[in-house]
Structures are given as C-alpha cells and as structure tokens.
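Novice: The following block contains the structure, expressed as structure tokens.
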4 protein chains.
Amino acid sequence: MNRWDTGRIDAFSDGVFAIAITLLVLDIDVPASAYDHLFRGFADQWPAYLAFATSFMTIGGIWMLHHAVFRRLRYANTAVMRINLVLLMTVSFLPFPTRVVAEAIESSSAERAAVVIYGASVLVISTVFGILSYAIARDPDLLQPGVSAQEVRTLVRAVQPNAGFYVGFTFIAGVAPRIAAFGFLASSIVAVLRARGDSGAPGPEPAG
Amino acid sequence: MNRWDTGRIDAFSDGVFAIAITLLVLDIDVPASAYDHLFRGFADQWPAYLAFATSFMTIGGIWMLHHAVFRRLRYANTAVMRINLVLLMTVSFLPFPTRVVAEAIESSSAERAAVVIYGASVLVISTVFGILSYAIARDPDLLQPGVSAQEVRTLVRAVQPNAGFYVGFTFIAGVAPRIAAFGFLASSIVAVLRARGDSGAPGPEPAG
Amino acid sequence: MNRWDTGRIDAFSDGVFAIAITLLVLDIDVPASAYDHLFRGFADQWPAYLAFATSFMTIGGIWMLHHAVFRRLRYANTAVMRINLVLLMTVSFLPFPTRVVAEAIESSSAERAAVVIYGASVLVISTVFGILSYAIARDPDLLQPGVSAQEVRTLVRAVQPNAGFYVGFTFIAGVAPRIAAFGFLASSIVAVLRARGDSGAPGPEPAG
Amino acid sequence: MNRWDTGRIDAFSDGVFAIAITLLVLDIDVPASAYDHLFRGFADQWPAYLAFATSFMTIGGIWMLHHAVFRRLRYANTAVMRINLVLLMTVSFLPFPTRVVAEAIESSSAERAAVVIYGASVLVISTVFGILSYAIARDPDLLQPGVSAQEVRTLVRAVQPNAGFYVGFTFIAGVAPRIAAFGFLASSIVAVLRARGDSGAPGPEPAG
C-alpha cells in the first residue's frame, strides 16, 4: 500500500554516511605542546588513527552493503523507511565512541570501558542492519524483478558473521582492550572485503 | 510562469537535512574528568543522548514528510523555493538549541529556559512546513498529474497535530521541563510513525 | 572540445553549498556563564543570529542563482569547471568571516574591521559569480537548445546590482558597521527574492 | 562477475569530497587576543589561508580527475570499490595535516615536520589514485563503449607528473619548508589546470 521510491532514500542515506565518515577526522588533533617535537607528536596520535581507520572502514562497509541491498529494491515500504532512519541514527552516532576510544587509549584506566562502549555501538549498527534486511526479506514485492528472496537471505546471512565478531571482540575488550581495538579494525576490513556487487541483480540501467 | 525543477531542490534539501542530522553528534562529549570512571561518565551524558535522539527523529520526520510532499510535485514555483529555503534555515538552526538543552539539563536553573527555547524552535520548523504545504496547495499546477488538491490538504492536515503537540509541550516546559523534553522525543517519534509513502501518487518511475 | 556533463558538477556544488550553509550553526554558542540567565544569554547572541541569517540567505541566494544558470547548460567547458571551483572555494570560506562578525560585534573596537572583511568576502563571491556567468555567455555551445545568449546576459546583469550593494555596504561598514551588517542581510534577502526560475528554458524533463 | 553501478559511487564520493573540502574552513580562526587589531589579526592568519587554498585545490583537482575517470566507466568492480574507499579515506584525512601546517608555520621549529607530513599525505592520495586508475585499466569491460584502454592509460599518466611534484616538494620541505608549502599550492593549481573533460568519451546523455 505504502510505497516510497528509493532514489531520495539513497541520496539521504549516502549523505549521512558520507558526512559521518568525513567528520571522523575532526577528532584527530596534535596537542599544542607536541609541536616542539612534531614528528613524535604526530606518531603519538596512533590511537586516533586506529580509531579513524576502524570507524571509516566500518561505515564504508555498511555503505557498500546498503548500496548492494537497496540496489535490489524497487520500492521501500514504511517499515524499511523507519528502520533505515534508525540505522542512520546509529551510524551518525559512531563518531562519538570513536572519539572516546581515541582519547581513552592514552589513559589505561579508561581504555577497557571505551573499547567495550565502541564495540557495543558497532554491534547495535550491525543488529539494526540485520533487522533492516529482515524487513526487506519479509516483503518480496519490494524487490526488483528477478531478485529472489533467496538472494536477500544470502545478504542477510552475510551480515550475521560480523555481528558475531563484534560480540566476541566486545567481550575481549573487557580483558584485553588493545587486542579488541585491532580486532574491530580487522573485522571492519573483513566486512569491506566481503561486500559483493550487483552480479545477480538485473536492475535498472546504471546511471552515467 | 516561474518554474523550478525539483531535482536539485531535493538534492540540496537532502544535503542540508543529512548534514544537520549528522552534525548533532558533535555536541556529545564526555568531559576529560569523567575518563576515570568512563562507564559512569558515559551514562551521565544521558541528556545529550536524549537531545540527540529527539533532534534526529525531528529532522528525520521532517525529511520523510518533505520527501512525501515533493514526490507529488512536478515543479516548484518561486514561493515554494523561498519558503523551502526558510525551512532549511530553521532546520539547520536546530543543532544549536539541541546543544543548549544537552548542556542545560545538567544545571537545574537553566533547564526550563532551554526546553522552552527548544520547543519554540521545533514549533517554528513545524509552522514553516505548514506554510510550505499551504503554498503548494494554492497552486495545483505544481502537482504531478493524478495528485489531487485533496491529497495535498491531507498532507497539510497531517502536519497540524504535531504543531499542537509542540505548542503544548513548550508550555509544559515552563513548569516541568524534563517531562516536556521526553514529550518532544515522543512527539518526534510519532511524526516519523505517521509519515506515509507514495501510495496514492502515480508519479514518475522510481529511480534505481 | 572539452565537455563536462553538468550532473556531477551540480551534485558536487550542491554538496558544498549545503555543507557551508549548515556549518554556519556551529559558530553559534551560549557561553557557559550565561546559563544562569539563559533567556537573556540566548537573546544576547543576536549578532550571531544576524550573521547566521545573513550568510544563510547569501549562500541560499547564490545556490538559487547557480541552479538557474546551470539548468540552462547542456555542458560545462573547462573554464566553467575551474571558475566554478573557485566560486565554491569562496563560498566555503564564508563561515569564517561570519564567525568573525559574530564575535566582533560584541567588542566595539573590532566590529568595523569585521564587517569590512565580511563585505569584502561577499563581494569576492559575487564577483566570481559574475566571471562564471561571463564565461558561460562567451560559449553559446554550452547552452541548452532554445536558450538564447540574451537570456544569459539577463542572468549576468541580475548579478550586478548585488555587487553594487556589496561595494556600497562595505564602504559604509568603515563608518557605521551595524547599519552595514543589517544592509548585508537586506541585500541577501533581496538576492533571494530576485532569483527567477526556469520559465524561459525548455530544458530536460524535471527529475521526479 | 561482480558489477556495481557507478551512480551511488559517484554520489557517495562527491559527498565525501564536498564535505572534506568544506570542513577545511573550520580550521581557520582569529585568536581572541587579535580582535583588538582585527585587520592585522586577519592578515596574520596567512598560513591558514595558504593551507586552506592548497588543500581546497588539491581536493578539487582530485574531484575533477575522479569525475573524468568515472565518467568513462559503465560499472565498477569490487577492486575499484575498495580502492575508491581507500582513496576517500586518504582524502577525508587531509583536513588534519592541513590544520597541522596552518598551526606549525607560526612556530619555526615545527614547520619543517608539518610540511613533510603534509607532503606525505598528498603523496599517498596521489599514489592511491594511481592504483585506482591502474585497477580500472586492467579490466576494459568496465569502460563505456568507445572508450579505449589507451585513453585510460593517458588518464593514468596524467596523474604521474603530480606524484613527481609531491615527492620533490616533500624532500624540499626538509630543507626549505615555506618554499615547499607554496610548491604544494602551485602543484595543486597545476593539477586543476591539467584536468580534462569528456571530449573523447561518448558516454550517456548528460543529466540536466
């Protein structure tokens, strides 16, 4: 009954993804006192670079998956619209735990809590994306002609292992936060490497 | 006489909505002193999360309504262009009262004023959207073929109850600011839940 | 020989306009000391609101004019690409003088210099837009079929009076900075009111 | 096998380019103490303007080249998607070294390190773009009909001299950082001037 064309959803979502991913750099800074030995001061910011790269790859992976899923849709229904809005809210929140991790790794007392909070945030994003995929799979009328429910289920399943990673590393963060921090980076890179293109989907002609 | 195609209006408006909604996270921060007990310091930021979620849902709801209204337009006229620009100005202003509320809820003397200011800001957005809908309804030539003036009036009316909410909660804010703060969150979620898709509108083929 | 399609130029330009216009709000802030009397502290920020509204309307007017001009183009040539990039640079610079004005109006010794700097910045934007229009008018092959060189010249001329305003108010700023500050607001509103739609231009079908 | 349509890649990339280029202005500021002699305080910020203009032209040149390359593609493959994501990461990182240069040129001990770091960042961007072009040239199926592998190789080669500039100026930065800083500005302007349009490429109809 209730149909939304996907063009503006894509545009708005791309906007939020692009902005969230580009705002990450605002949290990297060399303190004024480090300008006397700037190469060293630059190198000392490694937790900020780690956090930047992890969140960049996490959002980048989500964007690639979002692209792959929405490419298979002719329409969105109202449930998809709402869940997509919640997904964008969780993604646009990520720069905050990213900043907390970058700050906290320098002070050892806080790094455990920071990495757990970060992991929980990524886990929430991953879960909301799972719910979004599920909502799409429930309404096959939304799909482009020639896209099977099976294909969507494969997409849904492609999200799950990552959720597993994130749960695991969030627990590890309680014991060994630095290992977990690098685990999140690895996990986000795996997500980017796993994203698949439009092969099976006939879809409309690509825009120039 | 004066016709503007809606493609770039959508793109520009989506850009402003997406940026305003994503900038909200910049106002969330854990003070340096709270890093010693980070879980607690994280939890203490609840007014900032409340403000973030409320403004995110408010802008998200406006975006959904904007999408639904502009989908029914073939063209904009100059009045619609101007009112849309004012609408974008009021939306892009919202991160400021959001920040004020997040700061003020911690100090009880300021929370009343902060929530009243926030409510007034949302009320202005809601009012400008009402004026925009009214300007569209006045010029049926702007509509896609098959979209009736009646349908636009329904859209206009769909905005009104929310304006009522916002007036009410702004008054409540003078007496019980925290109740009003949660009321604005509830009201923004209701706005998202009420937004309806393209059902009645034939419109052009959806973009892939 | 050298042709660029306008789709991505529009998208990139819209992105820069939308971001510059939305970043303006980041410069509005209530100082921590003003939270005790928040309504008053909020009202005391009027120079920041004036600067916000002026720059919003200035960028909004430029965007409307940009939309009207590029709508009449089939292609851009390399000169147009380069001048457009310089235009975007001057527009994305505007949040800086906006912030300077908002800060300076509070301290009377600085307000003169701040308003002169602001006026000069807007004048540069206006001049670069004039050059852009001139570069387009020089190469009629760039135009959509049915768009006359005359129509482009009208567009060019529509920019000129504003440049006059800005020169005038920049001089006035040296003597009476507050009058000039409101003059820039008035001038930006006039620019928005003067922008005209696609009436004469046949152009492609509007995107939905 | 694995095909991605380029429409959303363009949109997402344009978003990241537009945001990174517009965030640069946030790093320009007049210190509060300089408001007493504001014209002078404004002029003293010249390293920040130099850094702003250099990074703006660098990102602008990358965007023009990106536009020219992706215009020649019918599809992206997964390798192109991944390298493009890394390219966007390096571009969105640039505001950080830009800020470091703007800060450091004022204190002579740090300016050498700052300009070397800046040069290395731009060199990385340039290298990743070279890799992207190479990945495209390896898979001629990705190209629009009528676009030859030769044309892509010309595009690839057009990137190389710039990489040479950046290596050279990064070394010069170790000895004469200010000369290198102006060298990066000159080099970015050359990149913009060298970018070529769609002449040879038939491509799809330009969007209006």
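Simple scheme: letters A, B, ... for chains in structure tokens order, numbers from 1 for residues in each chain, numbers from 1 for ligands in the order shown.
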If we count only C-alpha atoms and set the cut-off at 8 Å, which residues sit around B:Met89, ignoring sequence neighbours fewer than 3 positions away in its own chain? Please answer as a list of chain:residue names.
Specialist: B:Leu85, B:Val86, B:Ser92, B:Phe93, C:Ala53, C:Phe56
Novice: Taking only C-alpha atoms into account, report as a ChimeraX atom specification which residues of chain A lie within 9 Å of chain D.
Specialist: /A:10-11,14-15,17-19,21-26,28-30,32,35-39,42,52-53,56-57,60,63-64,67-68,71,192-193,195-200,205-208
Novice: Atom CA of A:Arg40 and atom CA of D:Gly174 are how many Å apart?
Specialist: 15.6 Å
Novice: For A:Phe182, work out the shell of residues within 9 Å, counting only C-alpha atoms and skipping chain neighbours fewer than 5 positions away, then give it as a list in words.
Specialist: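 In the requested format, the answer is Leu50, Thr54, Pro177 and Ser187 of chain A.
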Novice: Can you spit out the residues from that selection as a compact mmCIF listing (two decimals), in the first residue's frame, using N, CA and C atoms?
Specialist:
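Result saved to part_36.txt:
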```
# COMPACT_ATOMS: atom_id res chain seq x y z
N LEU A 50 44.09 4.78 14.56
CA LEU A 50 43.45 3.46 14.62
C LEU A 50 41.93 3.61 14.68
N THR A 54 39.34 2.44 11.75
CA THR A 54 38.33 1.44 12.09
C THR A 54 36.93 1.96 11.79
N PRO A 177 41.76 -4.79 26.01
CA PRO A 177 41.14 -3.78 25.14
C PRO A 177 41.94 -3.49 23.87
N SER A 187 37.97 -6.61 11.71
CA SER A 187 36.60 -7.00 11.42
C SER A 187 35.97 -6.07 10.39
```
Novice: Name the residues in contact with C:Ala191 at a cut-off of 10 Å, using only C-alpha atoms, excluding same-chain residues fewer than 2 positions from it; report them as a list of chain:residue names.
Specialist: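 Listed by chain and then number, they are C:Met57, C:Thr58, C:Ile59, C:Gly60, C:Gly61, C:Ile62, C:Met64, C:Leu65, C:Ala158, C:Val159, C:Pro161, C:Asn162, C:Leu185, C:Ala186, C:Ser187, C:Ser188, C:Ile189, C:Leu193, C:Arg194, C:Ala195.
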